[in-house]
Amino acid sequence: MKNAAAASLNLVQNLHETDIRTVANRYAGHLQLCYQQSPCSYSLARCVHAHMITSGFRPRGHILNRLIDIYCKLSDLVCAHQLFDRIPEPDIVARTTMIAAYSAAGNPELAWEIFSRTPLNVRDTVSYNAMITAYSRNEDGHAAIGLYRDMMRENFRPDNFTFTTILSALALIADRETHCQQLHCAVVKSGTESATSVVNALISVYVKCASSPLASSSSLMAAARKLFDRMLVKDELSWTTIITGYMRNDDLGAARQIFDGMDEKLVAAWNAMISGYVHNGFVPEALELFRRMHSSGIKHDEFTYSGVLSACANAGLFLHGKQVHAYILRTEEILLQDFPLSMNNTLITLYWKCGKVDEAGMIFKNMSIRDLVSWNAILSAYVNAGRIGEAKSFFSEMPEKNLLTWTVIISGLAQNGLGEEALKLFDQMKLEGFKPCDYAFAGAITSCAVLAALENGRQLHAQLVRFGFDSSLSAGNALITMYARCGVVEAAHSVFMTMPYVDSVSWNAMIAALGQHGHGVQALELFEQMLKEDILPDRITFLTILTTCSHAGLVKQGCNYFDSMYELYGISPGEDHYVHLIDLLCRSGKFSKAKDVIRTMPFEPGASIWEACLAGCRIHGNLDFGIQAAERLFELAPQHDGTYILLSNMYADVGRWGDMAKVRKLMRDRGVKKEPGCSWVEVENNVHVFLVDDTNHPQVQAVYSYLEELGLKMRKLGYVPDTKYVLHDVESEQKEYVLSTHSEKLAVAFGLLKLPLGATVRVFKNLRICGDCHNAFKFMSKVVTREIVVRDGKRFHHFRNGECSCGNYW
């Protein structure tokens, strides 16, 4: 290469000794060397080009075309375009070269600019092929089809490459059988049906169209199979395309039949089968095929390993995956020298899906090259592990982001209780030009559920419909949860009933919604309907059902459902299921049976079990068992404030003020802080927060005055403040005042004052609603003839006309 450069420089001495044609041929010869892909190629091309300029040589068409072609192949499109612009009338070779270069660079706009300026009498089939390829490569199938029609209208004859390219473009958009058949007819008429590349492209179109819900999968795959069987020469792409087609259309038997019928099983075919099994969830079959491949002595490549590692990741087979990783490190010297990016990305996914997030982070850190897939994989790792702080750091460091990136971080923030941050990022995503998908909407709607931001949720619902995602399963499930958590169970049910397709998540969400809102019987009826629809319950379903039974006092039904978990569905109850069973029994006062369950559990009772016992004891005044539960909690969770509060309240209920004081002192000595009770209400898109005995809200005095006014009317209907809920040894009058300053009363009164007449008041509280407030809201709803909805730390209470949806059981 260096000798060639020196020879080019010597041309200056020989320029006057030879004729122009000889010089041109020498330049052409040296430029031919520049086609070799090496670091010196670019330098040599510029050197030869510079010599032409300084020597005064004026290159003609074929030399200019060669220079343009070299600059394009070396990705210097700026120099190539400058040369192109200097040609008064560039020929079709130069034009096609530039179109192909811009196509490869992902810039169909500039490719079209050159093509559209090409006179019709200059164009040829190759130039049309280049422009169609530009559209196809950039996934603009409609533009490619439109250009093909123009080409046929202008009587240009398509060749093999035309059909291969246009069929690839059609595969992007075909969703009906007629789309495939029309181009198939054109192929037959053109006489190119015997070309292997064209038939491969035809098979690919039929295969991809078969996945469309608007097409008949069986007839399209039959057409693809007929083409495949009639091929005289089948190459690697032929076999992998038909195998992949059957796999994508869930016909694993036909795929395996094709595979087993191969005389020579190509590596790509093995990879297609393994990948297909993984995609369809047949992990054991994928691993068995990998073992057969290994025992047959067939060399694995990076796609083989990526498929097997993905199988292990999806099935949680960490040890298997780790063994494959170790095997690669031990045996694959070529791969170790430059570990493929796709394999590193798959390894990250394997480790984080198996709970080894730090190991996944180490793999990411040691990668010399990372792409967007790498960044999204490590972001997903930390989001799913709940390590949101580190996930946010990765997000901010990412050199580029796509829609998946935004969706992962938005959903992660929402699922970890950071709804406000998630909504801000959702808005930022739109400002940066990303059109949200249904999963991004689902994350934003989940954020509204976390924040109980009903109006924001309704706005997102409207946007969802406008964007055409109203039939999305993930968004629909998020809407059910959002409306339920915001206190509008009717809207949640409406979404559920109008969803075109529902899964077990949808059923679980709707059952939970009914249970949370005091509709226990309806929740169980919906569960029975779910079983009739042949939707199998999972462990989440039973958590939901047991919670519903607990809130509704349906002890017999709850116990029966608990027993059916393993007996009918083979689901072993976890500690969380036992917690809900104990809560059900203790809430209903069946402490003896609860103790029997605790004694026979397959594991030692944890803090959650004793918390359920203590809460039940508080309701029924079972001080002895309550003390026992509290003592266990002091050992297991000494910093949990609820234990101290509930036990001291139980002492206060029976007037044991000295014991109450001892518990409060123990709490102070251990540095345990009581979570302050607060309630909030949304008015005109602003959230107003109230604390107990609040004096900070700017309109709190008006709220107190309104409460006094309401209190007089409520007393006329029979309301008497229940001072037993004041856990202080003070005078009766002072106790009544303390009750009137509870945060939920302040929030409800503010809502009644500020919301439009007749509008439902929805208040949210972080702790359990007190008994007096519960009783007061029943009278209040009757006085103001409005519905009052209060969500406390456990459930919803709907107060209408003097009654509560919980039936006074909560």
# chains A, B, ... in the order shown; residues from 1 in each chain; ligands from 1

call {"tool": "residues_around", "arguments": {"residues": "region 567-584 of chain A", "least_positions_apart": "5", "cutoff": "6 Å", "atoms": "only C-alpha atoms", "output": "short mmCIF file (atom, residue, chain, number, x, y, z; two decimals) with C-alpha atoms, in the first residue's frame"}}
result
data_model
loop_
_atom_site.label_atom_id
_atom_site.label_comp_id
_atom_site.auth_asym_id
_atom_site.auth_seq_id
_atom_site.Cartn_x
_atom_site.Cartn_y
_atom_site.Cartn_z
CA LEU A 543 -53.60 -13.27 47.75
CA LEU A 546 -57.84 -13.98 50.82
CA SER A 550 -60.56 -10.78 55.27
CA ALA A 594 -55.27 -18.70 64.16
CA ILE A 609 -47.75 -12.99 60.88
CA ALA A 612 -51.77 -9.60 61.66
#

call {"tool": "residues_around", "arguments": {"residues": "Met221 (chain A)", "least_positions_apart": "5", "cutoff": "10 Å", "atoms": "only C-alpha atoms", "output": "list in words"}}
result
Ile203, Tyr206, Val207, Lys208, Cys209, Ala210, Ser211, Ser216, Lys226, Leu227, Ile242, Gly245, Tyr246, Asn249 and Asp251 of chain A

call {"tool": "write_last_selection", "arguments": {"atoms": "all heavy atoms", "output": "mmCIF file, in the first residue's frame"}}
result
data_model
loop_
_atom_site.group_PDB
_atom_site.id
_atom_site.type_symbol
_atom_site.label_atom_id
_atom_site.label_comp_id
_atom_site.auth_asym_id
_atom_site.auth_seq_id
_atom_site.Cartn_x
_atom_site.Cartn_y
_atom_site.Cartn_z
ATOM 1 N N ILE A 203 -40.902 -16.582 0.324
ATOM 2 C CA ILE A 203 -41.215 -17.387 1.511
ATOM 3 C C ILE A 203 -41.255 -16.496 2.743
ATOM 4 O O ILE A 203 -42.159 -16.610 3.588
ATOM 5 C CB ILE A 203 -40.175 -18.513 1.691
ATOM 6 C CG1 ILE A 203 -40.289 -19.534 0.560
ATOM 7 C CG2 ILE A 203 -40.347 -19.208 3.043
ATOM 8 C CD1 ILE A 203 -39.168 -20.566 0.544
ATOM 9 N N TYR A 206 -44.576 -14.528 2.914
ATOM 10 C CA TYR A 206 -45.691 -15.363 3.360
ATOM 11 C C TYR A 206 -45.591 -15.667 4.860
ATOM 12 O O TYR A 206 -46.598 -15.639 5.584
ATOM 13 C CB TYR A 206 -45.711 -16.669 2.558
ATOM 14 C CG TYR A 206 -46.379 -16.549 1.207
ATOM 15 C CD1 TYR A 206 -45.649 -16.706 0.029
ATOM 16 C CD2 TYR A 206 -47.742 -16.304 1.100
ATOM 17 C CE1 TYR A 206 -46.254 -16.600 -1.218
ATOM 18 C CE2 TYR A 206 -48.361 -16.204 -0.144
ATOM 19 C CZ TYR A 206 -47.613 -16.349 -1.304
ATOM 20 O OH TYR A 206 -48.223 -16.242 -2.527
ATOM 21 N N VAL A 207 -44.373 -15.941 5.320
ATOM 22 C CA VAL A 207 -44.151 -16.286 6.726
ATOM 23 C C VAL A 207 -44.501 -15.120 7.638
ATOM 24 O O VAL A 207 -45.195 -15.277 8.652
ATOM 25 C CB VAL A 207 -42.677 -16.712 6.921
ATOM 26 C CG1 VAL A 207 -42.265 -16.608 8.374
ATOM 27 C CG2 VAL A 207 -42.471 -18.132 6.416
ATOM 28 N N LYS A 208 -44.032 -13.933 7.274
ATOM 29 C CA LYS A 208 -44.281 -12.769 8.126
ATOM 30 C C LYS A 208 -45.739 -12.336 8.087
ATOM 31 O O LYS A 208 -46.294 -11.903 9.096
ATOM 32 C CB LYS A 208 -43.359 -11.618 7.723
ATOM 33 C CG LYS A 208 -41.905 -11.884 8.086
ATOM 34 C CD LYS A 208 -40.990 -10.738 7.704
ATOM 35 C CE LYS A 208 -39.543 -11.057 8.101
ATOM 36 N NZ LYS A 208 -38.602 -9.990 7.681
ATOM 37 N N CYS A 209 -46.351 -12.447 6.922
ATOM 38 C CA CYS A 209 -47.772 -12.095 6.819
ATOM 39 C C CYS A 209 -48.645 -13.070 7.598
ATOM 40 O O CYS A 209 -49.719 -12.713 8.081
ATOM 41 C CB CYS A 209 -48.180 -12.073 5.351
ATOM 42 S SG CYS A 209 -49.832 -11.413 5.058
ATOM 43 N N ALA A 210 -48.170 -14.306 7.748
ATOM 44 C CA ALA A 210 -48.935 -15.314 8.486
ATOM 45 C C ALA A 210 -49.121 -14.934 9.947
ATOM 46 O O ALA A 210 -50.040 -15.426 10.611
ATOM 47 C CB ALA A 210 -48.233 -16.668 8.384
ATOM 48 N N SER A 211 -48.264 -14.052 10.452
ATOM 49 C CA SER A 211 -48.371 -13.620 11.856
ATOM 50 C C SER A 211 -49.416 -12.529 12.038
ATOM 51 O O SER A 211 -49.735 -12.157 13.167
ATOM 52 C CB SER A 211 -47.015 -13.099 12.348
ATOM 53 O OG SER A 211 -46.025 -14.090 12.231
ATOM 54 N N SER A 216 -54.935 -15.480 7.264
ATOM 55 C CA SER A 216 -55.056 -16.889 7.654
ATOM 56 C C SER A 216 -53.665 -17.492 7.761
ATOM 57 O O SER A 216 -52.983 -17.696 6.745
ATOM 58 C CB SER A 216 -55.883 -17.648 6.616
ATOM 59 O OG SER A 216 -55.788 -19.028 6.832
ATOM 60 N N LYS A 226 -45.212 -24.742 0.132
ATOM 61 C CA LYS A 226 -45.271 -25.191 -1.259
ATOM 62 C C LYS A 226 -44.095 -24.614 -2.050
ATOM 63 O O LYS A 226 -43.454 -25.321 -2.840
ATOM 64 C CB LYS A 226 -46.599 -24.748 -1.871
ATOM 65 C CG LYS A 226 -46.839 -25.282 -3.271
ATOM 66 C CD LYS A 226 -48.221 -24.878 -3.769
ATOM 67 C CE LYS A 226 -48.462 -25.412 -5.181
ATOM 68 N NZ LYS A 226 -49.800 -24.992 -5.688
ATOM 69 N N LEU A 227 -43.816 -23.336 -1.833
ATOM 70 C CA LEU A 227 -42.667 -22.702 -2.492
ATOM 71 C C LEU A 227 -41.369 -23.390 -2.090
ATOM 72 O O LEU A 227 -40.501 -23.669 -2.922
ATOM 73 C CB LEU A 227 -42.608 -21.217 -2.131
ATOM 74 C CG LEU A 227 -43.536 -20.269 -2.889
ATOM 75 C CD1 LEU A 227 -43.565 -18.912 -2.202
ATOM 76 C CD2 LEU A 227 -43.082 -20.112 -4.334
ATOM 77 N N ILE A 242 -37.957 -20.976 6.574
ATOM 78 C CA ILE A 242 -39.160 -21.797 6.752
ATOM 79 C C ILE A 242 -39.255 -22.320 8.181
ATOM 80 O O ILE A 242 -40.349 -22.377 8.766
ATOM 81 C CB ILE A 242 -39.202 -22.947 5.722
ATOM 82 C CG1 ILE A 242 -40.593 -23.579 5.681
ATOM 83 C CG2 ILE A 242 -38.134 -23.990 6.000
ATOM 84 C CD1 ILE A 242 -41.661 -22.674 5.108
ATOM 85 N N GLY A 245 -40.330 -19.466 10.309
ATOM 86 C CA GLY A 245 -41.736 -19.175 10.032
ATOM 87 C C GLY A 245 -42.679 -20.059 10.818
ATOM 88 O O GLY A 245 -43.642 -19.580 11.428
ATOM 89 N N TYR A 246 -42.405 -21.351 10.820
ATOM 90 C CA TYR A 246 -43.252 -22.258 11.601
ATOM 91 C C TYR A 246 -43.157 -21.945 13.091
ATOM 92 O O TYR A 246 -44.155 -22.001 13.828
ATOM 93 C CB TYR A 246 -42.848 -23.704 11.334
ATOM 94 C CG TYR A 246 -43.429 -24.270 10.054
ATOM 95 C CD1 TYR A 246 -42.609 -24.768 9.056
ATOM 96 C CD2 TYR A 246 -44.806 -24.312 9.869
ATOM 97 C CE1 TYR A 246 -43.146 -25.298 7.876
ATOM 98 C CE2 TYR A 246 -45.362 -24.831 8.701
ATOM 99 C CZ TYR A 246 -44.521 -25.319 7.707
ATOM 100 O OH TYR A 246 -45.064 -25.825 6.561
ATOM 101 N N ASN A 249 -45.189 -18.916 14.060
ATOM 102 C CA ASN A 249 -46.624 -19.147 13.975
ATOM 103 C C ASN A 249 -47.068 -20.342 14.817
ATOM 104 O O ASN A 249 -48.103 -20.964 14.554
ATOM 105 C CB ASN A 249 -47.024 -19.329 12.507
ATOM 106 C CG ASN A 249 -46.936 -18.027 11.727
ATOM 107 O OD1 ASN A 249 -47.815 -17.181 11.810
ATOM 108 N ND2 ASN A 249 -45.850 -17.854 10.985
ATOM 109 N N ASP A 251 -46.207 -23.369 15.193
ATOM 110 C CA ASP A 251 -46.294 -24.746 14.688
ATOM 111 C C ASP A 251 -44.923 -25.399 14.864
ATOM 112 O O ASP A 251 -44.165 -25.604 13.912
ATOM 113 C CB ASP A 251 -46.712 -24.745 13.215
ATOM 114 C CG ASP A 251 -47.116 -26.136 12.732
ATOM 115 O OD1 ASP A 251 -46.813 -27.118 13.448
ATOM 116 O OD2 ASP A 251 -47.718 -26.248 11.646
#

call {"tool": "closest_atom_pairs", "arguments": {"of": "region 93-206 of chain A", "to": "region 66-71 of chain A", "cutoff": "8 Å", "atoms": "only C-alpha atoms", "output": "tab-separated table"}}
result
residue	atom	partner	partner_atom	distance
A:Ala94	CA	A:Ile68	CA	7.2
A:Thr97	CA	A:Asp69	CA	6.2
A:Met98	CA	A:Ile68	CA	7.8

call {"tool": "write_last_selection", "arguments": {"atoms": "N, CA, C and O atoms", "output": "PDB file, in the first residue's frame"}}
result
ATOM      1  N   ALA A  94     -22.760   7.227 -11.282  1.00  0.00           N
ATOM      2  CA  ALA A  94     -22.490   8.128 -10.147  1.00  0.00           C
ATOM      3  C   ALA A  94     -23.740   8.326  -9.302  1.00  0.00           C
ATOM      4  O   ALA A  94     -23.693   8.313  -8.066  1.00  0.00           O
ATOM      5  N   THR A  97     -24.505   5.181  -7.317  1.00  0.00           N
ATOM      6  CA  THR A  97     -23.525   5.029  -6.236  1.00  0.00           C
ATOM      7  C   THR A  97     -23.912   5.885  -5.038  1.00  0.00           C
ATOM      8  O   THR A  97     -23.870   5.431  -3.886  1.00  0.00           O
ATOM      9  N   MET A  98     -24.289   7.139  -5.283  1.00  0.00           N
ATOM     10  CA  MET A  98     -24.665   8.038  -4.189  1.00  0.00           C
ATOM     11  C   MET A  98     -25.966   7.576  -3.514  1.00  0.00           C
ATOM     12  O   MET A  98     -26.089   7.622  -2.290  1.00  0.00           O
TER      13      MET A  98
END

call {"tool": "atom_distance", "arguments": {"atom1": "CA of Asn345 (chain A)", "atom2": "CA of Ser374 (chain A)"}}
result
5.3 Å

call {"tool": "residues_around", "arguments": {"residues": "Gly146 (chain A)", "least_positions_apart": "4", "cutoff": "12 Å", "atoms": "only C-alpha atoms", "output": "ChimeraX atom specification"}}
result
/A:128,131-132,135-136,140-142,150-153,166,169-170

call {"tool": "atom_distance", "arguments": {"atom1": "CA of Thr349 (chain A)", "atom2": "CA of Ser368 (chain A)"}}
result
17.5 Å

call {"tool": "residues_around", "arguments": {"residues": "Asn402 (chain A)", "least_positions_apart": "3", "cutoff": "12 Å", "atoms": "only C-alpha atoms", "output": "ChimeraX atom specification"}}
result
/A:371-373,375-376,395,398-399,405-409,429-430,432-437,440

call {"tool": "closest_residue", "arguments": {"among": "A:Lys556, A:Lys754, A:Arg149, A:Arg225", "to": "Glu682 (chain A)", "atoms": "only C-alpha atoms"}}
result
A:Lys754

call {"tool": "select_by_dssp", "arguments": {"residues": "region 137-342 of chain A", "states": "helix (DSSP H, G or I)", "output": "PyMOL selection string"}}
result
chain A and resi 137+141-153+160-173+177-190+196-209+217-230+236-248+252-260+267-279+283-295+302-315+318-331+333-337+341-342

call {"tool": "residues_around", "arguments": {"residues": "region 490-504 of chain A", "least_positions_apart": "6", "cutoff": "6 Å", "atoms": "only C-alpha atoms", "output": "count of residues only"}}
result
3

call {"tool": "atom_distance", "arguments": {"atom1": "CA of Leu623 (chain A)", "atom2": "CA of Met601 (chain A)"}}
result
23.7 Å

call {"tool": "residues_around", "arguments": {"residues": "Gln415 (chain A)", "least_positions_apart": "2", "cutoff": "10 Å", "atoms": "only C-alpha atoms", "output": "list in words"}}
result
Val383, Asn384, Gly386, Ile409, Ile410, Ser411, Gly412, Leu413, Gly417, Leu418, Gly419, Ala422, Gly443, Thr446, Ser447, Ala449 and Val450 of chain A

call {"tool": "closest_residue", "arguments": {"among": "A:Ser472, A:Asn121, A:Asn271, A:Thr244", "to": "Lys299 (chain A)", "atoms": "only C-alpha atoms"}}
result
A:Asn271

call {"tool": "closest_residue", "arguments": {"among": "A:Arg117, A:Arg668, A:His179, A:Lys265", "to": "Asp235 (chain A)", "atoms": "only C-alpha atoms"}}
result
A:Lys265
